[in-house]
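Reading through the structure tokens given below for one structure.
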Amino acid sequence: MSSFSSLGIGLSALLAHRQAAETISQNIANTNTPGYSRRRTEIQSEGAAPVPALYARSSQAGGGVRVEGITRVRDEFLEIQHRDEVGVGAGLTARLGVLDRIESVFPEPSDVGIDDALGKFFGSWTDVMNSPDSEAARAGVLQQAQTVIDRLHVADRDLRQQYTDATGQAKTLVGQINALAHQVNTFDQAIRAAVVAGHSPNDLLDQRDETVLALAKLSGATVAAGDYGTVDVIVAGRTLVHGGVVSELQVDDPAGPGLAPIQISWAQDDFPATLDAGALSGIVNGANVAIPKVVAALDVVAQQLVTSVNALHTTGKDLDGVTNRRFFDPAGVTAGTISLSADVKGQPRHVVAAGTTAVPPDPFGPLDTSIAQKVSDLAVASPGASASYRSLIVTLGLDVRQVADSAGVQEAVVQRLDEDRKAVSGVNLDEEMVNLVAAQKAYSAAARVITTIDEMLDTLINRTGTVGR
Amino acid sequence: MTTRIATGAANARMTADLARAFSALTRKQNQISSGKRLTKPSDGPAEVATALNGRATARRMEQFATSASDALGWLRVSDSTLVSAQENLTRARTAAVQVVNGALSAVDREAVALEIDNIRNGLVQEANTTYQNRAVFAGTAAVGSAPFAASGDYTGGNAGAVSRVVAEGVSLQVNVIGPDVFGAYNATDPANGNLFQVLDTLAAAIRAGDETGVGTSLKSLSAASDRMSSAQVRIGGLSNQVEEILYRNETMLLDVKERLSAVEDTDVAEAIIGLRTSESAYQAALAVTAKVVQPSLLDFLR
């Protein structure tokens, strides 16, 4: 045991606790930094040499304290869970966004919706029944029909516009995913170099993990640990980032006109990538499933309207006794193409209200209204345009509700997991202050140890052997 | 296990909770200020379905009410026409009875015959009465042609039914066809023809002083009056039915609108209580946050 070893122990304590204070300062400085994991200074007592040297004896007290390293405090398991659930949540939220926008096309119940227009259209035939001699009443029918047509056209156009917007949004997201993948790769290169060189690149790891989280949010990516602190990022069953290589995603050009499904694929071999979580999957699923479903349902409404009204309209005769008039153009049986036929457009006298028979004598007078009555009764026909439209609205409402509920639940799950992981890795200022005080006290004590040893040595060096002076 | 709570996480949590409380408050405020509980399908898919059905029902019932009022107008015009026609018929009968009872001079008979002629022409006009431009006894014939020609023949009308839908599935024929009221025209045997032909025959018999002929015509006149009465009974019955339906329709419409409002509109009392609750929740959250965010160990270390 050397006379000076106590000084060495004191010094090691000074150094270790200064390091601890530094780490605490870093933690406090980063209280509000997103993705920052608190650091801990790992210190360990320096043991005595286990095998005594030939002429030296082992110090029983030990050799002081040693800083093992500075580690990130985090629970990998919670991080993985959180990342997965964030991906699922982002997918649901994005899908809810698409559905919300679809829903905004149908402001029901209101006086400006399609249901209202359909009701007024069928109702206008009652006016024709009450005054079959009045051209104004028949012009009213044409007017109401035009309102129905206009509202169907607007809804169809808005839905298609949303599909186009979703395609654009998917392209933006894919661009962001590729950019983030490159960032992860860049971080990984630096991390690998640092780890190989024996450093602990905590800040790089934090930033990389934050980038991976952003990536999971957009693409539902999962992560597998790679070598030297790097990670493999996996999307749709294939590696997006692996071993320094980034495989980019792309949005395929639509396969055809109209509402051809949006397809994501791998840029290197055009192999389709089917994402099941993340904002991109929400957008793609919303656009590929929800929008065509509503468009098709709206087409059914238009088709039923055209068919049912024409079926009655062609069997009667107009004010001038002319038969076989079509009300809607039979060529337009979708919400986007429905239109008044050339027979009646702008010509109220050609609107048919009276019945007729092919074989004379015709029992129906010119002011008969049996056809008008049948058309007005279509308002309550089932299946019929109004009934189909209402079922569209209810289905859409239920879909939105369901996704909104799931998204709400998922949000709570994500928040819970986020709190759990922050409970492990987040900075608590009170705790840091306590640790800082502890480090400070230990530092002061170590300094006092050195002073004391110094005094002891002073006794030894200056006061010893002065007997008889 | 000691629960560690990171300072940043606690702040984030409090911010999120505040946002949630505030959004609940805003939602309540919106419901009250807009007066509507349902603004989009997902606000309540089942309620929206009920609301749409209710709106459709209300809309149709309003149409039924319009049709029923129109039907009532039609029926009243028909009825008042027939009341006046009956009076004229009585006048004609009274005049003709004079001829049967007492020996009148040729001049007097001519005067009576002239009155019968006048009554007959007046009746033709009444048979051509219109309601909103349409002749009420003309069936579904085109506007503009009078159903009864001056000869008394039903040339301008047809047997078409004028129907009004006054309730769901209830379509009522509101018109009576000319020949059903005034009798069928008989070109070959005017004495057995319609009311106008009978009056013509009566006038001719009076002019000729043919008392037997007058008596026969008077009998025919009674038969015509009976026919008209039975039409009046039918019209009266229909009027009652329509009035009843109209009244029931009104009550039901109120009921439908009330139910619609229950589904669609904000229950103000409930919403205001909800608003108060949300308000106090928000204020409590604010107060607690203000208290919790402030202190830290730093306040106590010296």
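Simple scheme: letters A, B, ... for chains in structure tokens order, numbers from 1 for residues in each chain, numbers from 1 for ligands in the order shown.
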Using only C-alpha atoms, what does the table of chain B residues within 8 Å of chain A look like, with each row giving the shortest atom pair and its distance in Å to one decimal, sorted by chain and ascending number, as CSV?
residue,atom,partner,partner_atom,distance
B:Thr3,CA,A:Ala423,CA,7.4
B:Arg4,CA,A:Ala423,CA,5.2
B:Ile5,CA,A:Ala423,CA,4.9
B:Ala6,CA,A:Asn428,CA,4.4
B:Thr7,CA,A:Asn428,CA,4.8
B:Gly8,CA,A:Asn32,CA,5.8
B:Ala9,CA,A:Glu419,CA,6.3
B:Leu38,CA,A:Pro109,CA,7.1
B:Thr39,CA,A:Glu108,CA,6.4
B:Lys40,CA,A:Glu108,CA,5.4
B:Pro41,CA,A:Gly397,CA,4.5
B:Ser42,CA,A:Gly397,CA,3.9
B:Asp43,CA,A:Gly397,CA,7.5
B:Gly44,CA,A:Gly397,CA,7.1
B:Pro45,CA,A:Gly397,CA,5.0
B:Ala46,CA,A:Val394,CA,6.9
B:Val48,CA,A:Pro109,CA,6.5
B:Ala49,CA,A:Val394,CA,6.2
B:Ala51,CA,A:Pro109,CA,6.7
B:Leu52,CA,A:Pro109,CA,6.2
B:Ala56,CA,A:Gly119,CA,6.4
B:Arg59,CA,A:Gly119,CA,7.3
B:Arg60,CA,A:Gly123,CA,6.9
B:Gln63,CA,A:Gly123,CA,6.7
B:Ser67,CA,A:Asn130,CA,6.4
B:Asp70,CA,A:Asn130,CA,7.0
B:Gly139,CA,A:Gly365,CA,7.4
B:Thr140,CA,A:Gly365,CA,4.5
B:Ala141,CA,A:Gly365,CA,5.1
B:Ala142,CA,A:Pro366,CA,5.5
B:Val143,CA,A:Asp133,CA,6.7
B:Asn158,CA,A:Gly365,CA,6.7
B:Ala159,CA,A:Pro363,CA,7.4
B:Gly160,CA,A:Gly365,CA,5.8
B:Ala161,CA,A:Asp368,CA,7.2
B:Val162,CA,A:Asp368,CA,6.8
B:Ser163,CA,A:Thr369,CA,7.6
B:Arg164,CA,A:Asn130,CA,7.1
B:Val165,CA,A:Gln373,CA,7.7
B:Ser296,CA,A:Asp430,CA,6.3
B:Leu297,CA,A:Asp430,CA,5.3
B:Leu298,CA,A:Met433,CA,7.4
query: What are the DSSP alpha helix (DSSP H) residues of region 115-253 of chain B, as a ChimeraX atom specification?
result: /B:115-127,178-182,195-208,211-253
field: Residues near region 177-181 of chain B, cut-off 12 Å, only C-alpha atoms, skip fewer than 5 positions along chain, as a PyMOL selection string
entry: chain B and resi 78-79+81-82+85-86+123-124+126-129+135-141+146-149+152-162+186+193-196+223-235
Leaving out region 88-97 of chain A and any residue of its chain fewer than 4 positions from it, which residues lie within 10 Å of it when counting only C-alpha atoms, given as an mmCIF file with all heavy atoms, in the first residue's frame?
data_model
loop_
_atom_site.group_PDB
_atom_site.id
_atom_site.type_symbol
_atom_site.label_atom_id
_atom_site.label_comp_id
_atom_site.auth_asym_id
_atom_site.auth_seq_id
_atom_site.Cartn_x
_atom_site.Cartn_y
_atom_site.Cartn_z
ATOM 1 N N HIS A 82 -44.047 0.863 -28.715
ATOM 2 C CA HIS A 82 -44.497 2.209 -29.014
ATOM 3 C C HIS A 82 -44.402 2.479 -30.509
ATOM 4 O O HIS A 82 -45.345 2.980 -31.120
ATOM 5 C CB HIS A 82 -43.648 3.214 -28.232
ATOM 6 C CG HIS A 82 -43.939 4.641 -28.567
ATOM 7 N ND1 HIS A 82 -43.041 5.437 -29.240
ATOM 8 C CD2 HIS A 82 -45.025 5.406 -28.336
ATOM 9 C CE1 HIS A 82 -43.572 6.630 -29.391
ATOM 10 N NE2 HIS A 82 -44.775 6.648 -28.853
ATOM 11 N N ARG A 83 -43.283 2.076 -31.106
ATOM 12 C CA ARG A 83 -43.079 2.334 -32.528
ATOM 13 C C ARG A 83 -44.148 1.624 -33.346
ATOM 14 O O ARG A 83 -44.737 2.197 -34.258
ATOM 15 C CB ARG A 83 -41.689 1.867 -32.928
ATOM 16 C CG ARG A 83 -41.185 2.480 -34.198
ATOM 17 C CD ARG A 83 -39.673 2.480 -34.243
ATOM 18 N NE ARG A 83 -39.141 1.200 -33.781
ATOM 19 C CZ ARG A 83 -38.024 1.084 -33.076
ATOM 20 N NH1 ARG A 83 -37.323 2.146 -32.751
ATOM 21 N NH2 ARG A 83 -37.600 -0.098 -32.715
ATOM 22 N N ASP A 84 -44.426 0.363 -33.007
ATOM 23 C CA ASP A 84 -45.442 -0.389 -33.743
ATOM 24 C C ASP A 84 -46.807 0.294 -33.645
ATOM 25 O O ASP A 84 -47.513 0.468 -34.631
ATOM 26 C CB ASP A 84 -45.559 -1.815 -33.184
ATOM 27 C CG ASP A 84 -44.345 -2.650 -33.553
ATOM 28 O OD1 ASP A 84 -43.522 -2.140 -34.344
ATOM 29 O OD2 ASP A 84 -44.217 -3.779 -33.043
ATOM 30 N N ARG A 101 -62.852 13.677 -45.168
ATOM 31 C CA ARG A 101 -62.996 14.511 -46.363
ATOM 32 C C ARG A 101 -64.115 13.982 -47.254
ATOM 33 O O ARG A 101 -64.856 14.746 -47.857
ATOM 34 C CB ARG A 101 -61.667 14.590 -47.118
ATOM 35 C CG ARG A 101 -60.645 15.480 -46.403
ATOM 36 C CD ARG A 101 -59.462 15.810 -47.297
ATOM 37 N NE ARG A 101 -58.648 14.647 -47.580
ATOM 38 C CZ ARG A 101 -57.697 14.182 -46.765
ATOM 39 N NH1 ARG A 101 -57.456 14.804 -45.637
ATOM 40 N NH2 ARG A 101 -56.990 13.131 -47.092
ATOM 41 N N ILE A 102 -64.244 12.637 -47.332
ATOM 42 C CA ILE A 102 -65.366 12.065 -48.100
ATOM 43 C C ILE A 102 -66.677 12.531 -47.476
ATOM 44 O O ILE A 102 -67.608 12.947 -48.157
ATOM 45 C CB ILE A 102 -65.314 10.525 -48.090
ATOM 46 C CG1 ILE A 102 -64.085 10.024 -48.826
ATOM 47 C CG2 ILE A 102 -66.570 9.946 -48.718
ATOM 48 C CD1 ILE A 102 -63.922 8.520 -48.797
ATOM 49 N N GLU A 103 -66.713 12.458 -46.143
ATOM 50 C CA GLU A 103 -67.941 12.807 -45.440
ATOM 51 C C GLU A 103 -68.321 14.263 -45.692
ATOM 52 O O GLU A 103 -69.497 14.604 -45.783
ATOM 53 C CB GLU A 103 -67.748 12.557 -43.948
ATOM 54 C CG GLU A 103 -69.040 12.407 -43.199
ATOM 55 C CD GLU A 103 -68.808 12.245 -41.725
ATOM 56 O OE1 GLU A 103 -67.728 12.632 -41.237
ATOM 57 O OE2 GLU A 103 -69.707 11.752 -41.050
ATOM 58 N N ALA A 216 -41.510 5.008 -38.932
ATOM 59 C CA ALA A 216 -42.563 4.063 -38.545
ATOM 60 C C ALA A 216 -43.918 4.737 -38.655
ATOM 61 O O ALA A 216 -44.907 4.149 -39.074
ATOM 62 C CB ALA A 216 -42.335 3.574 -37.126
ATOM 63 N N LYS A 217 -43.959 6.030 -38.288
ATOM 64 C CA LYS A 217 -45.208 6.783 -38.331
ATOM 65 C C LYS A 217 -45.710 6.883 -39.773
ATOM 66 O O LYS A 217 -46.906 6.775 -40.036
ATOM 67 C CB LYS A 217 -44.955 8.173 -37.768
ATOM 68 C CG LYS A 217 -46.184 8.871 -37.281
ATOM 69 C CD LYS A 217 -45.790 10.090 -36.485
ATOM 70 C CE LYS A 217 -47.008 10.783 -35.940
ATOM 71 N NZ LYS A 217 -46.674 11.879 -35.045
ATOM 72 N N LEU A 218 -44.811 7.072 -40.716
ATOM 73 C CA LEU A 218 -45.209 7.233 -42.110
ATOM 74 C C LEU A 218 -45.446 5.892 -42.798
ATOM 75 O O LEU A 218 -46.341 5.762 -43.623
ATOM 76 C CB LEU A 218 -44.137 8.003 -42.886
ATOM 77 C CG LEU A 218 -43.906 9.444 -42.474
ATOM 78 C CD1 LEU A 218 -42.915 10.100 -43.406
ATOM 79 C CD2 LEU A 218 -45.215 10.219 -42.497
ATOM 80 N N SER A 219 -44.610 4.884 -42.480
ATOM 81 C CA SER A 219 -44.631 3.665 -43.290
ATOM 82 C C SER A 219 -44.967 2.419 -42.489
ATOM 83 O O SER A 219 -45.100 1.349 -43.068
ATOM 84 C CB SER A 219 -43.264 3.464 -43.937
ATOM 85 O OG SER A 219 -42.300 3.210 -42.933
ATOM 86 N N GLY A 220 -45.108 2.524 -41.158
ATOM 87 C CA GLY A 220 -45.338 1.330 -40.350
ATOM 88 C C GLY A 220 -44.104 0.446 -40.299
ATOM 89 O O GLY A 220 -44.227 -0.768 -40.158
ATOM 90 N N LEU A 275 -48.318 -2.110 -47.701
ATOM 91 C CA LEU A 275 -48.117 -1.613 -46.347
ATOM 92 C C LEU A 275 -49.371 -1.857 -45.530
ATOM 93 O O LEU A 275 -50.480 -1.762 -46.052
ATOM 94 C CB LEU A 275 -47.805 -0.110 -46.388
ATOM 95 C CG LEU A 275 -46.405 0.269 -46.842
ATOM 96 C CD1 LEU A 275 -46.236 0.042 -48.313
ATOM 97 C CD2 LEU A 275 -46.118 1.705 -46.495
ATOM 98 N N ASP A 276 -49.203 -2.191 -44.247
ATOM 99 C CA ASP A 276 -50.396 -2.397 -43.430
ATOM 100 C C ASP A 276 -50.444 -1.484 -42.214
ATOM 101 O O ASP A 276 -51.321 -1.615 -41.374
ATOM 102 C CB ASP A 276 -50.550 -3.866 -43.027
ATOM 103 C CG ASP A 276 -49.262 -4.421 -42.471
ATOM 104 O OD1 ASP A 276 -48.359 -3.608 -42.215
ATOM 105 O OD2 ASP A 276 -49.168 -5.646 -42.288
ATOM 106 N N ALA A 277 -49.490 -0.586 -42.105
ATOM 107 C CA ALA A 277 -49.573 0.404 -41.026
ATOM 108 C C ALA A 277 -48.869 1.664 -41.516
ATOM 109 O O ALA A 277 -48.241 1.648 -42.580
ATOM 110 C CB ALA A 277 -48.932 -0.123 -39.755
ATOM 111 N N GLY A 278 -49.011 2.739 -40.745
ATOM 112 C CA GLY A 278 -48.372 3.986 -41.142
ATOM 113 C C GLY A 278 -49.293 4.866 -41.957
ATOM 114 O O GLY A 278 -50.264 4.390 -42.557
ATOM 115 N N ALA A 279 -48.975 6.160 -41.965
ATOM 116 C CA ALA A 279 -49.836 7.136 -42.634
ATOM 117 C C ALA A 279 -50.031 6.800 -44.106
ATOM 118 O O ALA A 279 -51.138 6.925 -44.642
ATOM 119 C CB ALA A 279 -49.242 8.533 -42.491
ATOM 120 N N LEU A 280 -48.957 6.327 -44.755
ATOM 121 C CA LEU A 280 -49.056 6.023 -46.188
ATOM 122 C C LEU A 280 -50.112 4.945 -46.430
ATOM 123 O O LEU A 280 -50.940 5.073 -47.337
ATOM 124 C CB LEU A 280 -47.687 5.572 -46.712
ATOM 125 C CG LEU A 280 -47.619 5.237 -48.203
ATOM 126 C CD1 LEU A 280 -48.038 6.420 -49.045
ATOM 127 C CD2 LEU A 280 -46.221 4.780 -48.593
ATOM 128 N N SER A 281 -50.104 3.900 -45.594
ATOM 129 C CA SER A 281 -51.087 2.828 -45.796
ATOM 130 C C SER A 281 -52.503 3.358 -45.580
ATOM 131 O O SER A 281 -53.436 2.955 -46.278
ATOM 132 C CB SER A 281 -50.798 1.665 -44.851
ATOM 133 O OG SER A 281 -51.375 1.907 -43.587
ATOM 134 N N GLY A 282 -52.656 4.277 -44.601
ATOM 135 C CA GLY A 282 -53.983 4.855 -44.356
ATOM 136 C C GLY A 282 -54.494 5.603 -45.571
ATOM 137 O O GLY A 282 -55.645 5.446 -45.985
ATOM 138 N N ILE A 283 -53.612 6.417 -46.158
ATOM 139 C CA ILE A 283 -54.003 7.190 -47.338
ATOM 140 C C ILE A 283 -54.343 6.252 -48.493
ATOM 141 O O ILE A 283 -55.378 6.385 -49.155
ATOM 142 C CB ILE A 283 -52.839 8.127 -47.773
ATOM 143 C CG1 ILE A 283 -52.486 9.105 -46.675
ATOM 144 C CG2 ILE A 283 -53.171 8.830 -49.068
ATOM 145 C CD1 ILE A 283 -53.400 10.258 -46.542
ATOM 146 N N VAL A 284 -53.448 5.274 -48.718
ATOM 147 C CA VAL A 284 -53.633 4.375 -49.860
ATOM 148 C C VAL A 284 -54.908 3.553 -49.687
ATOM 149 O O VAL A 284 -55.726 3.455 -50.608
ATOM 150 C CB VAL A 284 -52.396 3.457 -50.023
ATOM 151 C CG1 VAL A 284 -52.675 2.357 -51.032
ATOM 152 C CG2 VAL A 284 -51.195 4.272 -50.458
ATOM 153 N N ASN A 285 -55.102 2.980 -48.475
ATOM 154 C CA ASN A 285 -56.319 2.192 -48.253
ATOM 155 C C ASN A 285 -57.569 3.049 -48.393
ATOM 156 O O ASN A 285 -58.558 2.633 -48.981
ATOM 157 C CB ASN A 285 -56.303 1.540 -46.865
ATOM 158 C CG ASN A 285 -55.325 0.389 -46.827
ATOM 159 O OD1 ASN A 285 -54.940 -0.115 -47.881
ATOM 160 N ND2 ASN A 285 -54.907 0.000 -45.648
ATOM 161 N N GLY A 286 -57.506 4.252 -47.801
ATOM 162 C CA GLY A 286 -58.651 5.153 -47.894
ATOM 163 C C GLY A 286 -58.998 5.431 -49.343
ATOM 164 O O GLY A 286 -60.152 5.326 -49.764
ATOM 165 N N ALA A 287 -57.966 5.768 -50.124
ATOM 166 C CA ALA A 287 -58.211 6.140 -51.520
ATOM 167 C C ALA A 287 -58.622 4.934 -52.344
ATOM 168 O O ALA A 287 -59.462 5.037 -53.227
ATOM 169 C CB ALA A 287 -56.963 6.783 -52.111
ATOM 170 N N ALA A 290 -62.202 3.261 -49.727
ATOM 171 C CA ALA A 290 -63.340 4.086 -49.305
ATOM 172 C C ALA A 290 -63.886 4.935 -50.449
ATOM 173 O O ALA A 290 -65.101 4.994 -50.657
ATOM 174 C CB ALA A 290 -62.918 4.955 -48.133
ATOM 175 N N ASP A 399 -68.930 3.840 -41.173
ATOM 176 C CA ASP A 399 -67.509 3.642 -41.481
ATOM 177 C C ASP A 399 -66.658 4.680 -40.772
ATOM 178 O O ASP A 399 -65.661 4.359 -40.134
ATOM 179 C CB ASP A 399 -67.274 3.741 -42.997
ATOM 180 C CG ASP A 399 -67.697 2.467 -43.715
ATOM 181 O OD1 ASP A 399 -68.065 1.511 -43.006
ATOM 182 O OD2 ASP A 399 -67.663 2.442 -44.958
ATOM 183 N N VAL A 400 -67.091 5.957 -40.888
ATOM 184 C CA VAL A 400 -66.318 7.035 -40.270
ATOM 185 C C VAL A 400 -66.278 6.827 -38.763
ATOM 186 O O VAL A 400 -65.228 6.920 -38.124
ATOM 187 C CB VAL A 400 -66.925 8.408 -40.608
ATOM 188 C CG1 VAL A 400 -66.172 9.506 -39.879
ATOM 189 C CG2 VAL A 400 -66.888 8.653 -42.094
ATOM 190 N N ARG A 401 -67.463 6.515 -38.196
ATOM 191 C CA ARG A 401 -67.542 6.283 -36.759
ATOM 192 C C ARG A 401 -66.565 5.201 -36.307
ATOM 193 O O ARG A 401 -65.820 5.352 -35.339
ATOM 194 C CB ARG A 401 -68.949 5.803 -36.419
ATOM 195 C CG ARG A 401 -69.795 6.810 -35.687
ATOM 196 C CD ARG A 401 -69.184 7.187 -34.357
ATOM 197 N NE ARG A 401 -69.872 8.300 -33.766
ATOM 198 C CZ ARG A 401 -71.043 8.191 -33.149
ATOM 199 N NH1 ARG A 401 -71.643 7.056 -33.040
ATOM 200 N NH2 ARG A 401 -71.597 9.252 -32.625
ATOM 201 N N GLN A 402 -66.599 4.091 -37.069
ATOM 202 C CA GLN A 402 -65.785 2.947 -36.687
ATOM 203 C C GLN A 402 -64.311 3.314 -36.709
ATOM 204 O O GLN A 402 -63.582 3.048 -35.748
ATOM 205 C CB GLN A 402 -66.069 1.803 -37.659
ATOM 206 C CG GLN A 402 -65.508 0.480 -37.185
ATOM 207 C CD GLN A 402 -65.347 -0.478 -38.344
ATOM 208 O OE1 GLN A 402 -65.993 -0.313 -39.384
ATOM 209 N NE2 GLN A 402 -64.488 -1.448 -38.191
ATOM 210 N N VAL A 403 -63.873 3.948 -37.799
ATOM 211 C CA VAL A 403 -62.456 4.311 -37.900
ATOM 212 C C VAL A 403 -62.117 5.368 -36.849
ATOM 213 O O VAL A 403 -61.058 5.317 -36.231
ATOM 214 C CB VAL A 403 -62.123 4.810 -39.324
ATOM 215 C CG1 VAL A 403 -60.687 5.277 -39.396
ATOM 216 C CG2 VAL A 403 -62.355 3.706 -40.323
ATOM 217 N N ALA A 404 -63.054 6.306 -36.621
ATOM 218 C CA ALA A 404 -62.792 7.348 -35.619
ATOM 219 C C ALA A 404 -62.638 6.723 -34.234
ATOM 220 O O ALA A 404 -61.746 7.102 -33.466
ATOM 221 C CB ALA A 404 -63.918 8.373 -35.615
ATOM 222 N N ASP A 405 -63.505 5.745 -33.934
ATOM 223 C CA ASP A 405 -63.399 5.076 -32.636
ATOM 224 C C ASP A 405 -62.066 4.353 -32.511
ATOM 225 O O ASP A 405 -61.373 4.478 -31.507
ATOM 226 C CB ASP A 405 -64.557 4.079 -32.453
ATOM 227 C CG ASP A 405 -65.873 4.804 -32.198
ATOM 228 O OD1 ASP A 405 -65.810 6.029 -31.969
ATOM 229 O OD2 ASP A 405 -66.932 4.162 -32.230
ATOM 230 N N SER A 406 -61.721 3.566 -33.571
ATOM 231 C CA SER A 406 -60.460 2.831 -33.524
ATOM 232 C C SER A 406 -59.299 3.800 -33.375
ATOM 233 O O SER A 406 -58.370 3.560 -32.602
ATOM 234 C CB SER A 406 -60.253 2.019 -34.796
ATOM 235 O OG SER A 406 -61.378 1.274 -35.086
ATOM 236 N N ALA A 407 -59.354 4.911 -34.138
ATOM 237 C CA ALA A 407 -58.255 5.879 -34.078
ATOM 238 C C ALA A 407 -58.165 6.483 -32.682
ATOM 239 O O ALA A 407 -57.069 6.697 -32.162
ATOM 240 C CB ALA A 407 -58.456 6.969 -35.127
ATOM 241 N N GLY A 408 -59.331 6.730 -32.066
ATOM 242 C CA GLY A 408 -59.337 7.288 -30.711
ATOM 243 C C GLY A 408 -58.713 6.328 -29.713
ATOM 244 O O GLY A 408 -57.878 6.710 -28.889
ATOM 245 N N VAL A 409 -59.117 5.051 -29.824
ATOM 246 C CA VAL A 409 -58.563 4.042 -28.923
ATOM 247 C C VAL A 409 -57.055 3.939 -29.131
ATOM 248 O O VAL A 409 -56.269 3.921 -28.187
ATOM 249 C CB VAL A 409 -59.231 2.669 -29.188
ATOM 250 C CG1 VAL A 409 -58.501 1.576 -28.443
ATOM 251 C CG2 VAL A 409 -60.688 2.716 -28.798
ATOM 252 N N GLN A 410 -56.667 3.903 -30.425
ATOM 253 C CA GLN A 410 -55.258 3.746 -30.754
ATOM 254 C C GLN A 410 -54.452 4.925 -30.218
ATOM 255 O O GLN A 410 -53.342 4.759 -29.729
ATOM 256 C CB GLN A 410 -55.100 3.629 -32.275
ATOM 257 C CG GLN A 410 -53.726 3.227 -32.739
ATOM 258 C CD GLN A 410 -53.330 1.845 -32.220
ATOM 259 O OE1 GLN A 410 -54.184 1.033 -31.911
ATOM 260 N NE2 GLN A 410 -52.044 1.621 -32.093
ATOM 261 N N GLU A 411 -55.055 6.106 -30.306
ATOM 262 C CA GLU A 411 -54.368 7.302 -29.812
ATOM 263 C C GLU A 411 -54.082 7.169 -28.316
ATOM 264 O O GLU A 411 -52.993 7.488 -27.836
ATOM 265 C CB GLU A 411 -55.238 8.532 -30.062
ATOM 266 C CG GLU A 411 -54.472 9.823 -30.049
ATOM 267 C CD GLU A 411 -55.395 11.012 -30.297
ATOM 268 O OE1 GLU A 411 -56.436 10.809 -30.958
ATOM 269 O OE2 GLU A 411 -55.090 12.096 -29.817
ATOM 270 N N ALA A 412 -55.100 6.634 -27.599
ATOM 271 C CA ALA A 412 -54.918 6.438 -26.160
ATOM 272 C C ALA A 412 -53.814 5.420 -25.896
ATOM 273 O O ALA A 412 -52.979 5.598 -25.000
ATOM 274 C CB ALA A 412 -56.225 5.975 -25.535
ATOM 275 N N VAL A 413 -53.804 4.334 -26.709
ATOM 276 C CA VAL A 413 -52.770 3.303 -26.548
ATOM 277 C C VAL A 413 -51.392 3.913 -26.764
ATOM 278 O O VAL A 413 -50.462 3.705 -25.979
ATOM 279 C CB VAL A 413 -53.013 2.151 -27.552
ATOM 280 C CG1 VAL A 413 -51.817 1.219 -27.588
ATOM 281 C CG2 VAL A 413 -54.274 1.389 -27.195
ATOM 282 N N VAL A 414 -51.280 4.700 -27.849
ATOM 283 C CA VAL A 414 -49.989 5.304 -28.178
ATOM 284 C C VAL A 414 -49.558 6.253 -27.066
ATOM 285 O O VAL A 414 -48.407 6.237 -26.631
ATOM 286 C CB VAL A 414 -50.073 6.050 -29.529
ATOM 287 C CG1 VAL A 414 -48.830 6.902 -29.747
ATOM 288 C CG2 VAL A 414 -50.226 5.068 -30.666
#
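The protein and nucleic acid residues lying at most 10 Å from Gly213 (chain B) are Val100, Ala191, Thr201, Leu202, Ala203, Ala204, Ala205, Ile206, Ala208, Gly209, Ser217, Leu218 and Lys219 of chain B, with only C-alpha atoms considered and sequence neighbours fewer than 4 positions away removed.
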Strand (DSSP E or B) positions in region 49-245 of chain A, given as a list of chain:residue names: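 DSSP-assigned strand (DSSP E or B) residues in region 49-245 of chain A: A:Gly64, A:Val65, A:Arg66, A:Val67, A:Glu68, A:Gly69, A:Ile70, A:Thr71, A:Arg72, A:Thr222, A:Val223, A:Ala224, A:Ala225, A:Val231, A:Asp232, A:Val233, A:Ile234, A:Val235, A:Arg238, A:Thr239, A:Leu240, A:Val241, A:His242, A:Val245.
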query: Which neighbours of Thr26 (chain B) fall inside 12 Å, counting only C-alpha atoms, when residues of the same chain fewer than 2 positions from it are skipped, and could you give them as number ranges by chain?
result: B: 19-24, 28-34, 271, 274-276, 278-279, 282
Would you pick out the contacts of region 449-459 of chain A at 8 Å or less, using only C-alpha atoms, so that residues sharing its chain but fewer than 4 positions from it are not included, and give the list as an mmCIF file with N, CA and C atoms, in the first residue's frame?
data_model
loop_
_atom_site.group_PDB
_atom_site.id
_atom_site.type_symbol
_atom_site.label_atom_id
_atom_site.label_comp_id
_atom_site.auth_asym_id
_atom_site.auth_seq_id
_atom_site.Cartn_x
_atom_site.Cartn_y
_atom_site.Cartn_z
ATOM 1 N N SER A 6 -4.038 6.988 -1.440
ATOM 2 C CA SER A 6 -5.273 7.673 -1.039
ATOM 3 C C SER A 6 -5.504 8.912 -1.867
ATOM 4 N N LEU A 7 -4.399 9.568 -2.229
ATOM 5 C CA LEU A 7 -4.555 10.739 -3.109
ATOM 6 C C LEU A 7 -5.149 10.299 -4.442
ATOM 7 N N GLY A 10 -8.812 9.735 -4.060
ATOM 8 C CA GLY A 10 -9.489 11.034 -4.024
ATOM 9 C C GLY A 10 -9.622 11.600 -5.425
ATOM 10 N N LEU A 11 -8.541 11.506 -6.195
ATOM 11 C CA LEU A 11 -8.571 12.054 -7.558
ATOM 12 C C LEU A 11 -9.626 11.329 -8.410
ATOM 13 N N ALA A 445 -16.688 16.026 -0.756
ATOM 14 C CA ALA A 445 -16.105 15.079 0.189
ATOM 15 C C ALA A 445 -14.767 14.580 -0.321
ATOM 16 N N ARG A 463 6.929 16.771 9.830
ATOM 17 C CA ARG A 463 7.025 16.697 11.300
ATOM 18 C C ARG A 463 7.747 15.438 11.773
ATOM 19 N N THR A 464 8.007 14.523 10.885
ATOM 20 C CA THR A 464 8.615 13.281 11.323
ATOM 21 C C THR A 464 10.146 13.452 11.406
#
